[in-house]
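What follows is a single structure, written as structure tokens, with notes after it.
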Amino acid sequence: TASLPYREYLSAAGLKIWVGKNAKANDRLTFQLANGRDWWLHAKGYSGSHVVIRLGKIQEPDSETIKDAIQLALYYSKARSQGEAEVCITQRKYVSRLGKTAGLVQISKHQTAWSRFDPIRYRTLQERMKAND
């Protein structure tokens, strides 16, 4: 799995949460691997990973999965040092490329959630990931 452009986490509900590894990987994750229904998150105003909640055709993410994804968006961004930030939350279909720079996007419709980094929730995600390796 070293060639995958993302880290894969699992929410408590068993949904896959993909986290881009760098700008090029973010681009691939968002525009080639994610589908339009998937949920997409990113720490607003900071460079960092694109986070995708992978969904089946009729699935909706539960609130705990969204909280997990928000924590991952904070952790894998420059907002980590602040300990809190606003996170953009939208569906992948509302995200489009901005110019030619890899990983740079514009979002046509989204919500934001202000969140503090929660080390306990993050550690739980890490442990769940190791258990599935």
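Each chain in the structure tokens gets a letter, A, B, ..., in the order shown, and its residues are numbered from 1; ligands are numbered from 1 in order too.
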Just asking: which residues within region 34-97 of chain A are strand (DSSP E) according to DSSP, as a PyMOL selection string?
chain A and resi 39-43+51-53+84-91+95-97
Store the residues picked out above, limited to N, CA, C and O atoms, as a PDB file, in the first residue's frame.
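The result, stored in out37.pdb:
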ATOM      1  N   TRP A  39     -17.871  12.673   0.860  1.00  0.00           N
ATOM      2  CA  TRP A  39     -17.701  13.929   1.585  1.00  0.00           C
ATOM      3  C   TRP A  39     -16.237  14.308   1.584  1.00  0.00           C
ATOM      4  O   TRP A  39     -15.349  13.445   1.630  1.00  0.00           O
ATOM      5  N   TRP A  40     -15.974  15.602   1.521  1.00  0.00           N
ATOM      6  CA  TRP A  40     -14.623  16.142   1.352  1.00  0.00           C
ATOM      7  C   TRP A  40     -14.402  17.203   2.413  1.00  0.00           C
ATOM      8  O   TRP A  40     -15.252  18.076   2.613  1.00  0.00           O
ATOM      9  N   LEU A  41     -13.263  17.129   3.094  1.00  0.00           N
ATOM     10  CA  LEU A  41     -12.963  18.099   4.153  1.00  0.00           C
ATOM     11  C   LEU A  41     -11.544  18.635   4.000  1.00  0.00           C
ATOM     12  O   LEU A  41     -10.654  17.957   3.469  1.00  0.00           O
ATOM     13  N   HIS A  42     -11.345  19.855   4.509  1.00  0.00           N
ATOM     14  CA  HIS A  42     -10.029  20.496   4.447  1.00  0.00           C
ATOM     15  C   HIS A  42      -9.984  21.624   5.465  1.00  0.00           C
ATOM     16  O   HIS A  42     -10.973  22.334   5.638  1.00  0.00           O
ATOM     17  N   ALA A  43      -8.844  21.775   6.144  1.00  0.00           N
ATOM     18  CA  ALA A  43      -8.690  22.880   7.092  1.00  0.00           C
ATOM     19  C   ALA A  43      -8.675  24.196   6.313  1.00  0.00           C
ATOM     20  O   ALA A  43      -7.825  24.402   5.447  1.00  0.00           O
ATOM     21  N   VAL A  51      -9.244  15.457   2.882  1.00  0.00           N
ATOM     22  CA  VAL A  51      -9.775  14.317   3.619  1.00  0.00           C
ATOM     23  C   VAL A  51     -11.093  13.917   2.958  1.00  0.00           C
ATOM     24  O   VAL A  51     -11.957  14.756   2.730  1.00  0.00           O
ATOM     25  N   VAL A  52     -11.221  12.637   2.620  1.00  0.00           N
ATOM     26  CA  VAL A  52     -12.411  12.152   1.931  1.00  0.00           C
ATOM     27  C   VAL A  52     -13.071  11.052   2.758  1.00  0.00           C
ATOM     28  O   VAL A  52     -12.412  10.101   3.173  1.00  0.00           O
ATOM     29  N   ILE A  53     -14.372  11.228   3.007  1.00  0.00           N
ATOM     30  CA  ILE A  53     -15.158  10.153   3.620  1.00  0.00           C
ATOM     31  C   ILE A  53     -15.779   9.382   2.466  1.00  0.00           C
ATOM     32  O   ILE A  53     -16.581   9.914   1.715  1.00  0.00           O
ATOM     33  N   GLU A  84      -6.484  24.431  16.663  1.00  0.00           N
ATOM     34  CA  GLU A  84      -7.889  24.609  16.293  1.00  0.00           C
ATOM     35  C   GLU A  84      -7.964  25.345  14.964  1.00  0.00           C
ATOM     36  O   GLU A  84      -7.036  26.055  14.590  1.00  0.00           O
ATOM     37  N   ALA A  85      -9.059  25.146  14.262  1.00  0.00           N
ATOM     38  CA  ALA A  85      -9.260  25.838  12.990  1.00  0.00           C
ATOM     39  C   ALA A  85     -10.670  25.573  12.498  1.00  0.00           C
ATOM     40  O   ALA A  85     -11.389  24.742  13.047  1.00  0.00           O
ATOM     41  N   GLU A  86     -11.001  26.289  11.434  1.00  0.00           N
ATOM     42  CA  GLU A  86     -12.259  26.049  10.754  1.00  0.00           C
ATOM     43  C   GLU A  86     -11.990  24.999   9.680  1.00  0.00           C
ATOM     44  O   GLU A  86     -10.967  25.039   9.010  1.00  0.00           O
ATOM     45  N   VAL A  87     -12.909  24.053   9.537  1.00  0.00           N
ATOM     46  CA  VAL A  87     -12.756  22.993   8.539  1.00  0.00           C
ATOM     47  C   VAL A  87     -13.911  23.091   7.547  1.00  0.00           C
ATOM     48  O   VAL A  87     -15.070  23.185   7.951  1.00  0.00           O
ATOM     49  N   CYS A  88     -13.572  23.111   6.252  1.00  0.00           N
ATOM     50  CA  CYS A  88     -14.593  23.104   5.201  1.00  0.00           C
ATOM     51  C   CYS A  88     -15.109  21.684   5.033  1.00  0.00           C
ATOM     52  O   CYS A  88     -14.319  20.743   4.968  1.00  0.00           O
ATOM     53  N   ILE A  89     -16.420  21.564   4.927  1.00  0.00           N
ATOM     54  CA  ILE A  89     -17.060  20.256   4.758  1.00  0.00           C
ATOM     55  C   ILE A  89     -18.022  20.363   3.577  1.00  0.00           C
ATOM     56  O   ILE A  89     -18.891  21.243   3.560  1.00  0.00           O
ATOM     57  N   THR A  90     -17.852  19.497   2.594  1.00  0.00           N
ATOM     58  CA  THR A  90     -18.730  19.523   1.432  1.00  0.00           C
ATOM     59  C   THR A  90     -18.746  18.152   0.777  1.00  0.00           C
ATOM     60  O   THR A  90     -18.089  17.231   1.250  1.00  0.00           O
ATOM     61  N   GLN A  91     -19.488  18.024  -0.293  1.00  0.00           N
ATOM     62  CA  GLN A  91     -19.403  16.797  -1.081  1.00  0.00           C
ATOM     63  C   GLN A  91     -18.390  17.034  -2.184  1.00  0.00           C
ATOM     64  O   GLN A  91     -18.204  18.163  -2.654  1.00  0.00           O
ATOM     65  N   VAL A  95     -16.252  20.433  -5.391  1.00  0.00           N
ATOM     66  CA  VAL A  95     -14.829  20.794  -5.366  1.00  0.00           C
ATOM     67  C   VAL A  95     -14.285  20.748  -6.793  1.00  0.00           C
ATOM     68  O   VAL A  95     -14.507  19.772  -7.511  1.00  0.00           O
ATOM     69  N   SER A  96     -13.602  21.808  -7.218  1.00  0.00           N
ATOM     70  CA  SER A  96     -12.992  21.793  -8.550  1.00  0.00           C
ATOM     71  C   SER A  96     -11.570  22.343  -8.482  1.00  0.00           C
ATOM     72  O   SER A  96     -11.199  23.032  -7.530  1.00  0.00           O
ATOM     73  N   ARG A  97     -10.782  22.019  -9.495  1.00  0.00           N
ATOM     74  CA  ARG A  97      -9.391  22.484  -9.542  1.00  0.00           C
ATOM     75  C   ARG A  97      -9.343  23.997  -9.665  1.00  0.00           C
ATOM     76  O   ARG A  97     -10.175  24.607 -10.320  1.00  0.00           O
TER      77      ARG A  97
END
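The nearest approach to Arg80 (chain A) among the residues A:Ser11, A:Ser3, A:Ser115, A:Thr124, with only C-alpha atoms taken into account, belongs to A:Ser115.
For Val19 (chain A), the residues within 6 Å (counting only C-alpha atoms, excluding itself and residues fewer than 5 positions away along the chain) are Tyr6, Arg7, His50 and Val51 of chain A.
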Just the residues within 12 Å of Asp133 (chain A), please, counting only C-alpha atoms, with nothing from its chain fewer than 2 positions along; format it as a VMD selection string.
chain A and resid 1 7 to 10 126 to 131
Among chain A, which ones does DSSP place in alpha helix (DSSP H), written as a ChimeraX atom specification?
/A:23-28,63-75,119-132
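If only C-alpha atoms are the atoms counted, then among A:Thr30, A:Thr112, A:Gln71, A:Ser77 the closest residue to Arg54 (chain A) is A:Thr30.
Pairwise distance (CA of Gln82 (chain A), CA of Ile70 (chain A)) equals 14.6 Å.
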Which neighbours of Ala25 (chain A) fall inside 10 Å, counting only C-alpha atoms, when residues of the same chain fewer than 3 positions from it are skipped, and could you give them as a PDB file with C-alpha atoms, in the first residue's frame?
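Output contents, as saved in part-v7.pdb:
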ATOM      1  CA  LEU A   4      -1.475   4.696  -2.372  1.00  0.00           C
ATOM      2  CA  PRO A   5      -1.736   8.507  -2.395  1.00  0.00           C
ATOM      3  CA  TYR A   6      -3.611   8.460   0.917  1.00  0.00           C
ATOM      4  CA  VAL A  19      -6.231  11.422   3.946  1.00  0.00           C
ATOM      5  CA  GLY A  20      -4.033  12.751   1.122  1.00  0.00           C
ATOM      6  CA  LYS A  21      -0.260  12.465   1.680  1.00  0.00           C
ATOM      7  CA  ASN A  22       0.885  15.599  -0.208  1.00  0.00           C
ATOM      8  CA  ARG A  28      -5.251  12.370  -7.229  1.00  0.00           C
ATOM      9  CA  LEU A  29      -7.405  11.552  -4.213  1.00  0.00           C
ATOM     10  CA  THR A  30      -9.923  14.331  -4.877  1.00  0.00           C
ATOM     11  CA  PHE A  31     -10.160  14.193  -8.659  1.00  0.00           C
ATOM     12  CA  SER A  49      -4.355  17.129   3.392  1.00  0.00           C
ATOM     13  CA  HIS A  50      -7.615  16.669   1.548  1.00  0.00           C
ATOM     14  CA  ALA A 102      -1.679  20.348  -7.700  1.00  0.00           C
ATOM     15  CA  GLY A 103      -3.975  20.227  -4.713  1.00  0.00           C
TER      16      GLY A 103
END
Check which residues of region 11-114 of chain A sit at most 9 Å from region 118-121 of chain A using only C-alpha atoms, and return one row each with the closest pair of atoms and their distance in Å to one decimal, ordered by chain and rising number, as CSV.
residue,atom,partner,partner_atom,distance
A:Lys67,CA,A:Arg121,CA,8.7
A:Asp68,CA,A:Arg121,CA,7.0
A:Gln71,CA,A:Asp118,CA,6.8
A:Gly83,CA,A:Asp118,CA,8.6
Those residues you just picked out, can you put them in a file as a PDB file, in the first residue's frame with N, CA, C and O atoms?
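The result, stored in selection-v2.pdb:
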ATOM      1  N   LYS A  67     -16.961  13.938  12.687  1.00  0.00           N
ATOM      2  CA  LYS A  67     -16.040  14.443  13.721  1.00  0.00           C
ATOM      3  C   LYS A  67     -14.649  13.841  13.558  1.00  0.00           C
ATOM      4  O   LYS A  67     -13.637  14.531  13.731  1.00  0.00           O
ATOM      5  N   ASP A  68     -14.599  12.543  13.244  1.00  0.00           N
ATOM      6  CA  ASP A  68     -13.301  11.893  13.005  1.00  0.00           C
ATOM      7  C   ASP A  68     -12.576  12.567  11.841  1.00  0.00           C
ATOM      8  O   ASP A  68     -11.387  12.875  11.920  1.00  0.00           O
ATOM      9  N   GLN A  71     -11.106  15.897  12.681  1.00  0.00           N
ATOM     10  CA  GLN A  71      -9.857  15.752  13.441  1.00  0.00           C
ATOM     11  C   GLN A  71      -8.684  15.441  12.513  1.00  0.00           C
ATOM     12  O   GLN A  71      -7.586  15.976  12.675  1.00  0.00           O
ATOM     13  N   GLY A  83      -3.790  24.199  17.031  1.00  0.00           N
ATOM     14  CA  GLY A  83      -4.649  23.398  17.894  1.00  0.00           C
ATOM     15  C   GLY A  83      -6.132  23.538  17.594  1.00  0.00           C
ATOM     16  O   GLY A  83      -6.956  22.862  18.191  1.00  0.00           O
TER      17      GLY A  83
END
